[in-house]
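First comes the structure, then the notes that go with it.
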Amino acid sequence: MTDKNRSAIAARESQLPRKGEIWQHTKSGARYVIAGAAYNAITDQSDVLYEPLYPCELQRFSRQLSAHPKAFLSQNDDGTPRFHRVVQMRALED
């Protein structure tokens, strides 16, 4: 693997939601804490699990990470991201 490939992978991974981070839905303004990730055997895709930080009957939501028009990391019709990170987790130090 080349350094260029490593850099591209690192850049992509830095954009992925991580457990404990807070993300906001761009249109509604609702905030969610990332609960983790899951593999969806039906779609063969990775899903993001997230919990609302507002009163809600549902305790947890699941959304495809990518490869779907309304995926977590997709864009709205106007080009803005569907969700954006509000609070980023700090990397653990060795």
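Residue numbering restarts at 1 in every chain; chains get A, B, ... in the order shown in the structure tokens, and ligands count up from 1 in that same order.
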Exercise for the section: Enumerate, as a ChimeraX atom specification, the complete set of residues in chain A that a backbone-based DSSP assignment places in strand (DSSP E or B). Expected result: /A:22-25,31-40,45-52,61-64,75,81,83-87
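For Tyr32 of chain A, the non-local neighbours within 12 Å, defined as residues at least 5 positions apart in the same chain or in other chains and counting only C-alpha atoms, are Pro17, Arg18, Lys19, Gly20, Glu21, Ile22, Trp23, Gln24, His25, Thr26, Val48, Leu49, Tyr50, Glu51, Pro52, Leu53, Tyr54, Pro55, Cys56, Gln59, Arg60, Phe61, Ser62, Phe72, Phe83, His84, Arg85, Val86 and Val87 of chain A.
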Handout entry: atom CA of Asp47 of chain A to atom CA of Arg63 of chain A, straight-line distance in Å
Key =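 For atom CA of Arg63 of chain A relative to atom CA of Asp47 of chain A, the distance reads 5.3 Å.
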Handout entry: Residue among A:Met1, A:Arg31, A:Ala38, A:Ser46 lying closest to Leu73 of chain A, counting only C-alpha atoms
Key =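 Residue with the minimum atom-to-atom distance to Leu73 of chain A: A:Ser46.
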Problem - Pick from A:Met89, A:Ile42, A:Leu16, A:Ala35 nearest to Leu65 of chain A, counting only C-alpha atoms - result: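 Of all the options, A:Leu16 lies closest to Leu65 of chain A.
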Exercise for the section: May I ask which of the residues A:Pro81, A:Ser66, A:Lys27, A:Glu57 is the closest one to Asp44 of chain A, counting only C-alpha atoms? Expected result: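 Looking only at the distances to Asp44 of chain A, the closest residue turns out to be A:Ser66.
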Handout entry: A:Gln88, A:Val33, A:Leu58, A:Gln15 ranked by distance to Ser74 of chain A, top pick (using only C-alpha atoms)
Key =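 Under the stated criterion, the closest residue is A:Gln15.
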Practice task
Take atom CA of Asp3 of chain A and atom CA of Ala37 of chain A and report the distance between them in Å, one decimal.
Solution key: 27.5 Å
Handout entry: Sel. of alpha helix (DSSP H) residues, chain A, as a PyMOL selection string
Key = chain A and resi 3-15
Exercise for the section: Kindly indicate which residue among A:Thr43, A:Ser14, A:Gly36, A:Gly79 lies nearest to Ala67 of chain A, using only C-alpha atoms for the distances. Expected result: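 For Ala67 of chain A, the nearest of the given residues is A:Thr43.
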Practice task
Tell me which of A:Ala41, A:Arg82, A:Gln64, A:Asp77 sits closest to Gly29 of chain A, counting only C-alpha atoms.
Solution key: A:Arg82
